[in-house]
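Colleague: I'm passing along my_file_17.cif; it holds mmCIF, C-alpha atoms.
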data_input
loop_
_atom_site.label_atom_id
_atom_site.label_comp_id
_atom_site.auth_asym_id
_atom_site.auth_seq_id
_atom_site.Cartn_x
_atom_site.Cartn_y
_atom_site.Cartn_z
CA MET A 40 -63.91 32.93 33.96
CA THR A 41 -67.32 32.05 35.27
CA THR A 42 -69.27 29.01 34.21
CA GLU A 43 -71.86 31.25 32.52
CA ALA A 44 -69.18 32.84 30.36
CA ALA A 45 -67.71 29.44 29.48
CA SER A 46 -71.09 28.01 28.48
CA ALA A 47 -72.00 31.11 26.46
CA SER A 48 -68.88 30.92 24.29
CA PRO A 49 -69.60 29.80 20.73
CA SER A 50 -68.69 26.30 19.65
CA PRO A 51 -65.70 25.94 17.33
CA ARG A 52 -66.63 26.33 13.68
CA LEU A 53 -66.27 23.22 11.56
CA PRO A 54 -64.81 23.43 8.05
CA ARG A 55 -67.52 23.79 5.39
CA CYS A 56 -67.65 23.35 1.64
CA ARG A 57 -68.75 26.18 -0.64
CA CYS A 58 -72.43 25.18 -0.38
CA GLY A 59 -72.36 25.18 3.45
CA THR A 60 -72.16 21.47 4.31
CA ASP A 61 -70.04 20.50 7.34
CA ARG A 62 -68.94 17.00 8.37
CA THR A 63 -71.86 16.47 10.79
CA ARG A 64 -74.52 16.70 8.05
CA ARG A 65 -75.87 13.75 6.06
CA GLU A 66 -74.70 15.37 2.81
CA ALA A 67 -71.07 14.86 3.89
CA THR A 68 -69.89 11.45 2.71
CA PRO A 69 -66.95 9.99 4.63
CA GLU A 70 -64.24 8.48 2.43
CA ARG A 71 -61.91 6.17 4.31
CA GLU A 72 -58.23 5.71 3.48
CA TYR A 73 -56.38 2.61 4.71
CA THR A 74 -52.73 1.66 4.87
CA THR A 75 -51.67 -1.33 2.78
CA LEU A 76 -51.61 -3.61 5.81
CA GLY A 77 -55.00 -2.30 6.96
CA ALA A 78 -56.51 -3.05 3.54
CA ILE A 79 -55.08 -6.58 3.53
CA TYR A 80 -56.40 -7.15 7.05
CA ALA A 81 -59.87 -5.97 5.96
CA LEU A 82 -59.78 -8.29 2.95
CA TRP A 83 -59.14 -11.20 5.31
CA GLY A 84 -62.26 -10.28 7.28
CA GLY A 85 -60.72 -8.21 10.04
CA THR A 86 -61.94 -4.84 11.21
CA SER A 87 -59.29 -2.24 10.52
CA ILE A 88 -59.29 1.41 11.50
CA PRO A 89 -58.83 3.84 8.59
CA SER A 90 -55.63 5.89 8.57
CA ARG A 91 -57.50 9.03 7.41
CA VAL A 92 -61.11 10.04 6.82
CA ASN A 93 -61.94 12.59 4.11
CA PHE A 94 -65.35 14.25 3.95
CA ARG A 95 -66.83 14.96 0.50
CA CYS A 96 -69.96 17.00 -0.19
CA VAL A 97 -72.51 15.13 -2.32
CA HIS A 98 -73.82 18.39 -3.82
CA CYS A 99 -70.64 20.05 -5.06
CA GLY A 100 -68.22 17.08 -4.96
CA VAL A 101 -65.51 18.89 -3.01
CA VAL A 102 -63.42 17.24 -0.28
CA PHE A 103 -63.70 19.97 2.35
CA ASP A 104 -62.30 18.28 5.47
CA SER A 105 -59.74 15.60 6.19
CA ARG A 106 -59.26 14.12 9.66
CA ALA A 107 -56.62 11.74 11.04
CA ASP A 108 -57.39 11.93 14.77
CA THR A 109 -58.15 8.69 16.59
CA ALA A 110 -61.70 9.57 17.65
CA THR A 111 -62.84 10.38 14.10
CA ARG A 112 -61.07 7.35 12.66
CA ARG A 113 -62.71 5.01 15.19
CA ALA A 114 -66.12 6.59 14.58
CA HIS A 115 -65.91 5.68 10.86
CA ILE A 116 -64.96 2.00 11.05
CA ILE A 117 -66.91 -0.11 8.54
#
Would you mind writing the structure in this file as structure tokens?
Modeller:
Amino acid sequence: MTTEAASASPSPRLPRCRCGTDRTRREATPEREYTTLGAIYALWGGTSIPSRVNFRCVHCGVVFDSRADTATRRAHII
């Protein structure tokens, strides 16, 4: 495979809600889920990493994507 063919390949499609919002848009609200110990640690003032991040569309109210990978979880630390 040449580098031109590799760069011309389309990017992977992200999950979308029924109105067309994907997780990279401002209309996608991240909802963080924490374990019990993570919530207690956050209440004591620590910075805990969520165990899962759900993305909800503000227009239609549907949770259209749920991610548990480390990169996404670290990107959504409060």
Colleague: Using all atoms listed in the file, which residues sit within 8 Å of stretch 65-70 of chain A once same-chain residues fewer than 2 positions away are excluded, as a ChimeraX atom specification?
Modeller: /A:60-63,72,92-98,115
Colleague: Identify all residues satisfying the PyMOL selection byres ((chain A and resi 56) around 8) in the given file; provide them as a VMD selection string.
Modeller: chain A and resid 54 to 55 57 to 61 96 101 to 103
Colleague: Report, in Å to a single decimal, how far apart atom CA of A:Gly100 and atom CA of A:Ile116 are.
Modeller: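 Result for atom CA of A:Ile116 versus atom CA of A:Gly100: 22.2 Å, one decimal.
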Colleague: If you measure from atom CA of A:Trp83 to atom CA of A:Ala114, what distance in Å do you get, rounded to one decimal?
Modeller: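 Straight-line distance from atom CA of A:Trp83 to atom CA of A:Ala114 works out to 21.2 Å.
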Colleague: Give as a PyMOL selection string the set of residues within 12 Å of the point (-62.4, 2.0, 11.0), where distances use the file's coordinates and all atoms listed in the file.
Modeller: chain A and resi 69-74+77-78+80-81+85-92+107-117
Colleague: Since the input is missing atoms, can you rebuild N, CA and C atoms for stretch 68-79 of chain A and write them as a compact mmCIF listing (two decimals), keeping the file's coordinate frame?
Modeller:
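Output saved as out.txt:
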# COMPACT_ATOMS: atom_id res chain seq x y z
N THR A 68 -70.20 12.86 2.83
CA THR A 68 -69.89 11.45 2.71
C THR A 68 -68.47 11.18 3.19
N PRO A 69 -68.31 10.30 4.19
CA PRO A 69 -66.95 9.99 4.63
C PRO A 69 -66.27 9.03 3.65
N GLU A 70 -65.06 9.35 3.28
CA GLU A 70 -64.24 8.48 2.43
C GLU A 70 -63.06 8.02 3.27
N ARG A 71 -62.94 6.73 3.45
CA ARG A 71 -61.91 6.17 4.31
C ARG A 71 -60.67 5.81 3.52
N GLU A 72 -59.51 6.11 4.08
CA GLU A 72 -58.23 5.71 3.48
C GLU A 72 -57.56 4.73 4.44
N TYR A 73 -57.04 3.64 3.90
CA TYR A 73 -56.38 2.61 4.71
C TYR A 73 -54.93 2.47 4.28
N THR A 74 -54.10 2.03 5.22
CA THR A 74 -52.73 1.66 4.87
C THR A 74 -52.79 0.33 4.10
N THR A 75 -51.71 -0.07 3.52
CA THR A 75 -51.67 -1.33 2.78
C THR A 75 -51.96 -2.51 3.70
N LEU A 76 -51.36 -2.52 4.87
CA LEU A 76 -51.61 -3.61 5.81
C LEU A 76 -53.05 -3.59 6.32
N GLY A 77 -53.61 -2.40 6.52
CA GLY A 77 -55.00 -2.30 6.96
C GLY A 77 -55.96 -2.81 5.90
N ALA A 78 -55.67 -2.55 4.63
CA ALA A 78 -56.51 -3.05 3.54
C ALA A 78 -56.43 -4.57 3.44
N ILE A 79 -55.23 -5.12 3.58
CA ILE A 79 -55.08 -6.58 3.53
C ILE A 79 -55.81 -7.23 4.71
